[in-house]
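Asker: Take a look at query-v4.cif, mmCIF, C-alpha atoms and all ligand atoms:
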```cif
data_protein
#
loop_
_atom_site.group_PDB
_atom_site.id
_atom_site.type_symbol
_atom_site.label_atom_id
_atom_site.label_comp_id
_atom_site.auth_asym_id
_atom_site.auth_seq_id
_atom_site.Cartn_x
_atom_site.Cartn_y
_atom_site.Cartn_z
ATOM 1 C CA MET A 1 40.306 -147.948 160.013
ATOM 2 C CA ASN A 2 41.132 -144.921 162.104
ATOM 3 C CA LEU A 3 44.459 -143.490 160.906
ATOM 4 C CA HIS A 4 45.499 -140.027 161.976
ATOM 5 C CA LEU A 5 47.833 -139.153 159.200
ATOM 6 C CA SER A 6 49.670 -135.991 158.475
ATOM 7 C CA ALA A 7 52.296 -135.330 155.885
ATOM 8 C CA THR A 8 54.697 -132.489 155.305
ATOM 9 C CA ALA A 9 56.342 -131.852 151.948
ATOM 10 C CA PRO A 10 60.139 -131.946 151.747
ATOM 11 C CA GLY A 11 61.878 -128.626 151.978
ATOM 12 C CA LYS A 12 58.576 -126.737 152.216
ATOM 13 C CA ALA A 13 57.704 -127.219 155.853
ATOM 14 C CA LEU A 14 58.760 -124.617 158.381
ATOM 15 C CA VAL A 15 60.927 -126.203 161.052
ATOM 16 C CA PRO A 16 58.676 -126.615 164.104
ATOM 17 C CA HIS A 17 60.118 -125.054 167.245
ATOM 18 C CA TYR A 18 61.886 -127.606 169.454
ATOM 19 C CA ILE A 19 64.101 -127.110 172.497
ATOM 20 C CA PRO A 20 66.446 -130.081 172.932
ATOM 21 C CA ALA A 21 66.928 -131.735 176.306
ATOM 22 C CA GLY A 22 70.263 -133.322 175.445
ATOM 23 C CA ASN A 23 71.950 -134.810 172.393
ATOM 24 C CA GLU A 24 68.764 -136.166 170.801
ATOM 25 C CA CYS A 25 69.040 -133.999 167.664
ATOM 26 C CA GLU A 26 72.577 -135.214 166.955
ATOM 27 C CA LEU A 27 71.509 -138.789 167.653
ATOM 28 C CA PHE A 28 68.597 -138.519 165.242
ATOM 29 C CA GLU A 29 70.838 -137.154 162.543
ATOM 30 C CA LEU A 30 73.440 -139.880 163.042
ATOM 31 C CA ALA A 31 70.775 -142.601 163.063
ATOM 32 C CA TRP A 32 69.426 -141.121 159.837
ATOM 33 C CA LYS A 33 72.855 -141.101 158.212
ATOM 34 C CA ARG A 34 73.610 -144.663 159.304
ATOM 35 C CA LYS A 35 70.119 -145.894 158.304
ATOM 36 C CA LEU A 36 69.214 -146.979 161.838
ATOM 37 C CA PRO A 37 65.621 -147.051 163.067
ATOM 38 C CA LEU A 38 64.771 -145.008 166.166
ATOM 39 C CA LEU A 39 62.614 -145.780 169.198
ATOM 40 C CA LEU A 40 61.408 -142.910 171.398
ATOM 41 C CA LYS A 41 60.205 -143.728 174.895
ATOM 42 C CA GLY A 42 58.487 -141.309 177.219
ATOM 43 C CA PRO A 43 55.313 -140.057 178.858
ATOM 44 C CA THR A 44 52.450 -138.489 176.924
ATOM 45 C CA GLY A 45 52.834 -134.880 175.830
ATOM 46 C CA CYS A 46 56.561 -134.542 176.574
ATOM 47 C CA GLY A 47 57.683 -133.576 173.060
ATOM 48 C CA LYS A 48 58.282 -136.824 171.100
ATOM 49 C CA THR A 49 56.050 -135.914 168.170
ATOM 50 C CA ARG A 50 57.366 -132.351 168.102
ATOM 51 C CA PHE A 51 60.907 -133.711 168.049
ATOM 52 C CA VAL A 52 60.209 -135.948 165.052
ATOM 53 C CA SER A 53 58.503 -133.178 163.064
ATOM 54 C CA HIS A 54 61.335 -130.794 163.955
ATOM 55 C CA MET A 55 64.014 -133.230 162.791
ATOM 56 C CA ALA A 56 62.166 -134.259 159.620
ATOM 57 C CA ALA A 57 61.742 -130.611 158.627
ATOM 58 C CA ARG A 58 65.334 -129.806 159.565
ATOM 59 C CA LEU A 59 66.620 -132.610 157.348
ATOM 60 C CA GLY A 60 64.159 -131.663 154.579
ATOM 61 C CA LEU A 61 62.406 -135.041 154.696
ATOM 62 C CA PRO A 62 58.733 -135.772 154.141
ATOM 63 C CA LEU A 63 57.061 -137.084 157.293
ATOM 64 C CA SER A 64 54.093 -139.397 157.632
ATOM 65 C CA THR A 65 52.719 -139.980 161.072
ATOM 66 C CA VAL A 66 50.457 -142.852 162.054
ATOM 67 C CA SER A 67 48.776 -142.906 165.467
ATOM 68 C CA CYS A 68 48.625 -146.589 166.299
ATOM 69 C CA HIS A 69 45.610 -148.082 168.076
ATOM 70 C CA ASP A 70 44.563 -151.577 169.068
ATOM 71 C CA ASP A 71 42.719 -152.179 165.800
ATOM 72 C CA LEU A 72 45.628 -151.158 163.593
ATOM 73 C CA ALA A 73 46.818 -154.145 161.582
ATOM 74 C CA ALA A 74 49.805 -154.648 159.300
ATOM 75 C CA ALA A 75 47.623 -154.076 156.220
ATOM 76 C CA ASP A 76 46.751 -150.584 157.495
ATOM 77 C CA LEU A 77 50.448 -149.783 157.184
ATOM 78 C CA THR A 78 51.376 -151.755 154.078
ATOM 79 C CA GLY A 79 48.237 -151.361 151.969
ATOM 80 C CA ARG A 80 45.373 -153.391 150.607
ATOM 81 C CA TYR A 81 43.352 -154.142 147.498
ATOM 82 C CA LEU A 82 40.328 -151.874 147.266
ATOM 83 C CA LEU A 83 37.356 -151.810 144.904
ATOM 84 C CA LYS A 84 37.481 -148.702 142.744
ATOM 85 C CA GLY A 85 34.951 -148.160 139.954
ATOM 86 C CA GLY A 86 34.415 -151.896 139.548
ATOM 87 C CA ASP A 87 38.152 -152.664 139.522
ATOM 88 C CA THR A 88 40.246 -154.046 142.324
ATOM 89 C CA VAL A 89 43.306 -151.885 142.762
ATOM 90 C CA TRP A 90 46.197 -152.047 145.183
ATOM 91 C CA VAL A 91 46.493 -148.957 147.400
ATOM 92 C CA ASP A 92 49.741 -148.433 149.300
ATOM 93 C CA GLY A 93 49.495 -147.795 153.040
ATOM 94 C CA PRO A 94 51.540 -145.026 154.697
ATOM 95 C CA LEU A 95 54.514 -147.272 155.487
ATOM 96 C CA THR A 96 54.744 -148.581 151.931
ATOM 97 C CA ARG A 97 54.469 -145.046 150.555
ATOM 98 C CA ALA A 98 57.326 -143.926 152.788
ATOM 99 C CA VAL A 99 59.459 -146.902 151.774
ATOM 100 C CA ARG A 100 58.777 -146.283 148.065
ATOM 101 C CA ASN A 101 59.303 -142.515 148.193
ATOM 102 C CA GLY A 102 61.731 -142.067 151.084
ATOM 103 C CA GLY A 103 61.176 -139.932 154.168
ATOM 104 C CA VAL A 104 60.412 -140.453 157.833
ATOM 105 C CA CYS A 105 57.563 -142.759 158.847
ATOM 106 C CA TYR A 106 56.596 -142.170 162.483
ATOM 107 C CA LEU A 107 54.493 -144.803 164.235
ATOM 108 C CA ASP A 108 53.195 -143.184 167.407
ATOM 109 C CA GLU A 109 52.310 -145.560 170.290
ATOM 110 C CA VAL A 110 53.437 -148.578 168.291
ATOM 111 C CA VAL A 111 52.761 -150.990 171.182
ATOM 112 C CA GLU A 112 49.043 -150.371 170.691
ATOM 113 C CA ALA A 113 49.087 -151.929 167.213
ATOM 114 C CA ARG A 114 48.183 -155.556 166.516
ATOM 115 C CA LYS A 115 50.862 -158.219 166.712
ATOM 116 C CA ASP A 116 51.154 -158.718 162.950
ATOM 117 C CA VAL A 117 52.686 -155.215 162.720
ATOM 118 C CA ALA A 118 55.906 -156.528 164.307
ATOM 119 C CA VAL A 119 56.170 -159.110 161.501
ATOM 120 C CA VAL A 120 56.196 -156.280 158.961
ATOM 121 C CA LEU A 121 58.631 -154.140 160.949
ATOM 122 C CA HIS A 122 61.262 -156.790 161.607
ATOM 123 C CA PRO A 123 62.796 -157.149 158.102
ATOM 124 C CA LEU A 124 62.576 -153.382 157.703
ATOM 125 C CA THR A 125 64.476 -152.660 160.903
ATOM 126 C CA ASP A 126 67.476 -154.929 160.574
ATOM 127 C CA ASP A 127 70.216 -154.760 157.983
ATOM 128 C CA ARG A 128 67.918 -156.195 155.306
ATOM 129 C CA ARG A 129 65.804 -153.004 155.242
ATOM 130 C CA ILE A 130 63.143 -154.689 153.151
ATOM 131 C CA LEU A 131 59.365 -154.576 153.101
ATOM 132 C CA PRO A 132 57.874 -157.744 151.643
ATOM 133 C CA LEU A 133 54.363 -157.157 150.318
ATOM 134 C CA GLU A 134 52.824 -160.597 150.307
ATOM 135 C CA ARG A 135 49.670 -159.483 148.561
ATOM 136 C CA THR A 136 51.391 -157.911 145.545
ATOM 137 C CA GLY A 137 54.337 -160.279 145.494
ATOM 138 C CA GLU A 138 56.772 -157.345 145.731
ATOM 139 C CA THR A 139 59.742 -156.978 148.034
ATOM 140 C CA LEU A 140 60.625 -153.324 148.430
ATOM 141 C CA GLU A 141 64.106 -152.299 149.423
ATOM 142 C CA ALA A 142 64.087 -149.198 151.606
ATOM 143 C CA PRO A 143 66.037 -146.373 149.988
ATOM 144 C CA ALA A 144 68.717 -144.487 151.949
ATOM 145 C CA GLU A 145 66.158 -141.661 152.397
ATOM 146 C CA PHE A 146 63.786 -143.888 154.415
ATOM 147 C CA MET A 147 63.798 -143.837 158.205
ATOM 148 C CA LEU A 148 61.438 -145.532 160.628
ATOM 149 C CA VAL A 149 60.743 -143.878 163.984
ATOM 150 C CA VAL A 150 58.422 -145.437 166.568
ATOM 151 C CA SER A 151 57.366 -144.274 170.002
ATOM 152 C CA TYR A 152 55.670 -145.654 173.044
ATOM 153 C CA ASN A 153 54.878 -144.662 176.577
ATOM 154 C CA PRO A 154 56.355 -147.217 179.005
ATOM 155 C CA GLY A 155 53.967 -145.846 181.647
ATOM 156 C CA TYR A 156 50.898 -147.271 179.889
ATOM 157 C CA GLN A 157 52.524 -150.573 179.327
ATOM 158 C CA ASN A 158 50.961 -153.788 180.479
ATOM 159 C CA ILE A 159 52.621 -157.112 179.974
ATOM 160 C CA LEU A 160 50.412 -157.970 176.974
ATOM 161 C CA LYS A 161 51.367 -154.782 175.173
ATOM 162 C CA ALA A 162 55.094 -154.701 175.861
ATOM 163 C CA LEU A 163 57.388 -154.662 172.850
ATOM 164 C CA LYS A 164 59.218 -157.962 172.486
ATOM 165 C CA PRO A 165 63.002 -157.820 173.019
ATOM 166 C CA SER A 166 63.469 -158.975 169.431
ATOM 167 C CA THR A 167 61.562 -155.886 168.305
ATOM 168 C CA LYS A 168 63.098 -153.455 170.812
ATOM 169 C CA GLN A 169 66.590 -154.580 169.968
ATOM 170 C CA ARG A 170 66.216 -153.499 166.362
ATOM 171 C CA PHE A 171 66.118 -149.830 167.311
ATOM 172 C CA VAL A 172 68.401 -147.149 168.656
ATOM 173 C CA ALA A 173 66.403 -145.795 171.605
ATOM 174 C CA ILE A 174 66.093 -142.380 173.221
ATOM 175 C CA GLU A 175 64.359 -141.845 176.526
ATOM 176 C CA PHE A 176 62.276 -138.679 176.805
ATOM 177 C CA ASP A 177 61.028 -137.073 179.966
ATOM 178 C CA PHE A 178 59.706 -133.701 180.999
ATOM 179 C CA LEU A 179 62.371 -131.042 180.668
ATOM 180 C CA PRO A 180 64.074 -129.356 183.615
ATOM 181 C CA LYS A 181 62.170 -126.410 185.032
ATOM 182 C CA GLU A 182 63.891 -123.524 183.223
ATOM 183 C CA GLN A 183 63.633 -125.212 179.829
ATOM 184 C CA GLU A 184 59.994 -126.150 180.357
ATOM 185 C CA ILE A 185 59.179 -122.564 181.344
ATOM 186 C CA ALA A 186 60.847 -121.360 178.132
ATOM 187 C CA ILE A 187 58.876 -123.848 176.003
ATOM 188 C CA VAL A 188 55.521 -123.126 177.592
ATOM 189 C CA SER A 189 56.087 -119.379 177.323
ATOM 190 C CA ALA A 190 57.178 -119.629 173.670
ATOM 191 C CA GLU A 191 54.249 -121.882 172.749
ATOM 192 C CA SER A 192 51.544 -119.945 174.595
ATOM 193 C CA GLY A 193 52.756 -116.348 174.459
ATOM 194 C CA LEU A 194 52.374 -116.042 178.245
ATOM 195 C CA GLU A 195 55.287 -114.277 179.931
ATOM 196 C CA GLU A 196 57.812 -116.533 181.651
ATOM 197 C CA ARG A 197 57.172 -114.973 185.069
ATOM 198 C CA HIS A 198 53.504 -116.063 184.812
ATOM 199 C CA VAL A 199 54.443 -119.487 183.454
ATOM 200 C CA ALA A 200 56.910 -120.270 186.263
ATOM 201 C CA PRO A 201 54.254 -120.942 188.960
ATOM 202 C CA LEU A 202 52.357 -123.218 186.537
ATOM 203 C CA VAL A 203 55.496 -125.271 185.950
ATOM 204 C CA ASN A 204 56.058 -125.435 189.722
ATOM 205 C CA LEU A 205 52.545 -126.763 190.105
ATOM 206 C CA ALA A 206 53.021 -129.291 187.285
ATOM 207 C CA GLN A 207 56.208 -130.555 188.894
ATOM 208 C CA ARG A 208 54.390 -130.960 192.203
ATOM 209 C CA LEU A 209 51.485 -132.813 190.542
ATOM 210 C CA ARG A 210 53.943 -135.088 188.726
ATOM 211 C CA THR A 211 55.142 -136.391 192.071
ATOM 212 C CA MET A 212 51.618 -137.779 192.569
ATOM 213 C CA LYS A 213 51.968 -140.083 189.537
ATOM 214 C CA GLY A 214 51.594 -143.696 190.547
ATOM 215 C CA HIS A 215 49.898 -142.742 193.817
ATOM 216 C CA ASP A 216 46.745 -140.819 193.009
ATOM 217 C CA LEU A 217 47.396 -140.224 189.327
ATOM 218 C CA GLU A 218 48.011 -142.565 186.407
ATOM 219 C CA GLU A 219 49.971 -139.893 184.508
ATOM 220 C CA GLY A 220 51.547 -136.575 185.483
ATOM 221 C CA VAL A 221 50.652 -133.229 183.878
ATOM 222 C CA SER A 222 52.111 -133.137 180.367
ATOM 223 C CA THR A 223 53.957 -130.210 178.802
ATOM 224 C CA ARG A 224 51.046 -130.176 176.339
ATOM 225 C CA LEU A 225 48.563 -129.483 179.163
ATOM 226 C CA LEU A 226 50.854 -126.787 180.533
ATOM 227 C CA VAL A 227 50.811 -125.108 177.122
ATOM 228 C CA TYR A 228 46.983 -125.326 177.071
ATOM 229 C CA CYS A 229 46.776 -123.845 180.552
ATOM 230 C CA ALA A 230 49.135 -120.960 179.773
ATOM 231 C CA SER A 231 47.318 -120.281 176.477
ATOM 232 C CA LEU A 232 43.980 -120.002 178.306
ATOM 233 C CA ILE A 233 45.490 -117.568 180.806
ATOM 234 C CA GLU A 234 47.096 -115.576 177.989
ATOM 235 C CA SER A 235 43.632 -115.345 176.408
ATOM 236 C CA GLY A 236 42.097 -113.905 179.562
ATOM 237 C CA LEU A 237 40.927 -116.826 181.716
ATOM 238 C CA THR A 238 41.854 -116.537 185.391
ATOM 239 C CA PRO A 239 44.723 -118.840 186.479
ATOM 240 C CA ARG A 240 42.322 -120.663 188.772
ATOM 241 C CA GLU A 241 39.873 -121.435 185.942
ATOM 242 C CA ALA A 242 42.650 -122.332 183.520
ATOM 243 C CA ILE A 243 44.322 -124.676 186.003
ATOM 244 C CA SER A 244 41.030 -126.394 186.662
ATOM 245 C CA ALA A 245 40.256 -126.822 182.948
ATOM 246 C CA ALA A 246 43.729 -127.760 181.732
ATOM 247 C CA MET A 247 45.649 -129.206 184.674
ATOM 248 C CA ILE A 248 43.083 -130.870 186.911
ATOM 249 C CA GLU A 249 40.001 -132.018 184.955
ATOM 250 C CA PRO A 250 41.977 -133.879 182.230
ATOM 251 C CA LEU A 251 44.044 -135.795 184.802
ATOM 252 C CA THR A 252 41.370 -137.718 186.659
ATOM 253 C CA ASP A 253 37.648 -138.405 186.906
ATOM 254 C CA ASP A 254 37.876 -139.264 190.596
ATOM 255 C CA PRO A 255 36.189 -136.457 192.619
ATOM 256 C CA ASP A 256 38.330 -137.105 195.725
ATOM 257 C CA VAL A 257 41.561 -136.937 193.750
ATOM 258 C CA ARG A 258 40.369 -133.757 191.999
ATOM 259 C CA LEU A 259 39.716 -132.215 195.391
ATOM 260 C CA ALA A 260 43.230 -133.140 196.509
ATOM 261 C CA LEU A 261 44.677 -131.658 193.298
ATOM 262 C CA ARG A 262 42.745 -128.416 193.859
ATOM 263 C CA GLU A 263 44.185 -128.169 197.355
ATOM 264 C CA VAL A 264 47.723 -128.626 196.021
ATOM 265 C CA ALA A 265 47.031 -126.035 193.302
ATOM 266 C CA GLY A 266 45.550 -123.584 195.815
ATOM 267 C CA ALA A 267 48.643 -123.854 198.006
ATOM 268 C CA ILE A 268 50.979 -123.075 195.086
ATOM 269 C CA ILE A 269 48.840 -120.570 193.148
ATOM 270 C CA PRO A 270 46.372 -118.967 195.604
HETATM 271 N N1 LIG A 301 61.287 -129.840 173.673
HETATM 272 C C1 LIG A 301 60.198 -129.165 173.253
HETATM 273 N N2 LIG A 301 60.336 -128.086 172.463
HETATM 274 C C2 LIG A 301 59.230 -127.410 172.051
HETATM 275 N N3 LIG A 301 57.963 -127.732 172.401
HETATM 276 C C3 LIG A 301 57.781 -128.783 173.188
HETATM 277 C C4 LIG A 301 58.879 -129.555 173.651
HETATM 278 N N4 LIG A 301 58.404 -130.539 174.437
HETATM 279 C C5 LIG A 301 57.080 -130.399 174.476
HETATM 280 N N5 LIG A 301 56.676 -129.351 173.714
HETATM 281 C C6 LIG A 301 55.298 -128.853 173.617
HETATM 282 O O1 LIG A 301 54.470 -129.890 174.150
HETATM 283 C C7 LIG A 301 53.468 -130.267 173.196
HETATM 284 C C8 LIG A 301 53.239 -131.761 173.277
HETATM 285 O O2 LIG A 301 54.349 -132.455 172.732
HETATM 286 P P1 LIG A 301 54.184 -133.691 171.733
HETATM 287 O O3 LIG A 301 52.875 -133.619 171.003
HETATM 288 O O4 LIG A 301 55.419 -133.749 170.926
HETATM 289 O O5 LIG A 301 54.127 -134.857 172.812
HETATM 290 P P2 LIG A 301 54.288 -136.446 172.636
HETATM 291 O O6 LIG A 301 55.378 -136.833 173.551
HETATM 292 O O7 LIG A 301 54.405 -136.800 171.201
HETATM 293 O O8 LIG A 301 52.902 -136.945 173.203
HETATM 294 P P3 LIG A 301 52.032 -138.285 172.824
HETATM 295 O O9 LIG A 301 52.880 -139.433 173.267
HETATM 296 O O10 LIG A 301 50.806 -138.106 173.662
HETATM 297 O O11 LIG A 301 51.774 -138.234 171.339
HETATM 298 C C9 LIG A 301 53.982 -129.778 171.853
HETATM 299 O O12 LIG A 301 52.922 -129.473 170.990
HETATM 300 C C10 LIG A 301 54.771 -128.555 172.230
HETATM 301 O O13 LIG A 301 53.890 -127.457 172.362
#
```
Show how you would write the structure in this file as structure tokens.
Answerer:
Amino acid sequence: MNLHLSATAPGKALVPHYIPAGNECELFELAWKRKLPLLLKGPTGCGKTRFVSHMAARLGLPLSTVSCHDDLAAADLTGRYLLKGGDTVWVDGPLTRAVRNGGVCYLDEVVEARKDVAVVLHPLTDDRRILPLERTGETLEAPAEFMLVVSYNPGYQNILKALKPSTKQRFVAIEFDFLPKEQEIAIVSAESGLEERHVAPLVNLAQRLRTMKGHDLEEGVSTRLLVYCASLIESGLTPREAISAAMIEPLTDDPDVRLALREVAGAIIP
């Protein structure tokens, strides 16, 4: 089992910095109030996880995050019997804990998970809001304080990993994308400490490289990589070195494409 789990305590967490692109904060809050599950779609590193931690902290809710992968099965979310000191005891998984205690459960890249996960999510994401635990014989009713948020990147999607309509249509969905230039400059500057006037050319370059997605590149430069790049420059690396390490090398292993990316970078940031 390879769960990347993090939890923040209610009321205690600082609200992580988040610059909204539109009405997503209001939507989250309304979905929360009306007990509706939320689906976030968008490319890697564009702010989905930051958004969820921002909103959970803002609403004073505990957050558990699970990074889904192709080996993640329903039992990894619900729980299982484990041997402890000679006894077999039931141990709740992160989803069950969130349903019992309330709070936001965020399943990142949910399409990666095994198919049996959908079976668990369905009764929890329609008006029943229940989590049947076959193994313990319990049926948990989600309290008003429970909210399920899932995300996926439609860009990675292949037909085998697409969410079924019957799953998709249980969620209110928000589409995320990279922010407009001025907002992205503000984010990258705030996150890295690099002055906006030095960040602006990096964002220009990122926007240019994003146009190569689907042609030479599988994915465009994420806001996350831009923050890395600006942080390296702020710490003293030359822009050229930082761009190579944070905006070219992570994008592709193909030497010809890397050469093309370096040429584009050289034309924008000599
Ligand atoms: N709107 C935003 N406000 C503040 N910071 C942002 C915003 N969008 C992106 N970021 C920055 O970009 C980084 C990456 O965002 P995040 O981890 O939320 O991406 P993600 O969409 O969840 O990616 P993945 O799908 O790969 O998990 C954040 O750590 C943060 O520094």
Asker: When you look at range 39-52 of chain A with a cut-off of 8 Å (counting only C-alpha atoms), what residues show up, excluding the ones that are within fewer than 3 positions of it in the same chain? I need them as a list of chain:residue names.
Answerer: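 Residues meeting the cut-off are A:Pro16, A:His17, A:Tyr18, A:Met55, A:Ala56, A:Tyr106, A:Asp108, A:Val149, A:Val150, A:Ser151, A:Tyr152, A:Asn153, A:Pro154, A:Gly155, A:Lys168, A:Phe171, A:Val172, A:Ala173, A:Ile174, A:Glu175, A:Phe176, A:Asp177, A:Phe178, A:Leu179, A:Glu219, A:Ser222, A:Thr223, A:Arg224, A:Leu225.
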Asker: Which residues, named as in the file, does the PyMOL selection byres (((chain A and resi 226-243) around 8) and not hetatm) pick out? Answer as an MDAnalysis selection string.
Answerer: chainID A and resid 188:189 191:194 199 202:203 206 221:225 244:248 265 269
Asker: Arg100 in chain A: which residues within 9 Å, counting only C-alpha atoms, same-chain residues fewer than 2 positions away excluded, as a ChimeraX atom specification?
Answerer: /A:95-98,102,140-143,146
Asker: Just the number, please: distance in Å from atom O13 of ligand LIG 301 (chain A) to CA of Asn23 in chain A, one decimal.
Answerer: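 Between atom O13 of ligand LIG 301 (chain A) and CA of Asn23 in chain A the gap is 19.5 Å.
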Asker: Compare A:His54, A:Arg114, A:Pro180, A:Thr78 by their minimum atom-to-atom distance to Pro132 in chain A, counting only C-alpha atoms, and give me the closest one.
Answerer: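 Of A:His54, A:Arg114, A:Pro180, A:Thr78, the one nearest Pro132 in chain A is A:Thr78, counting only C-alpha atoms.
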Asker: Name the closest residue to ligand LIG 301 (chain A) among the candidates A:Gln183, A:Thr88, A:Thr252, A:Gln207; distances are taken between atoms, counting only C-alpha atoms and all ligand atoms.
Answerer: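 Among A:Gln183, A:Thr88, A:Thr252, A:Gln207, it is A:Gln183 that comes nearest to ligand LIG 301 (chain A).
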Asker: Compare A:Asn101, A:Thr125, A:Thr136, A:Ser53 by their minimum atom-to-atom distance to ligand LIG 301 (chain A), counting all atoms listed in the file, and give me the closest one.
Answerer: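 Of A:Asn101, A:Thr125, A:Thr136, A:Ser53, the one nearest ligand LIG 301 (chain A) is A:Ser53, counting all atoms listed in the file.
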Asker: If I take CA of Pro201 in chain A and CA of Ile268 in chain A, how far is one from the other in Å, to one decimal?
Answerer: 7.3 Å
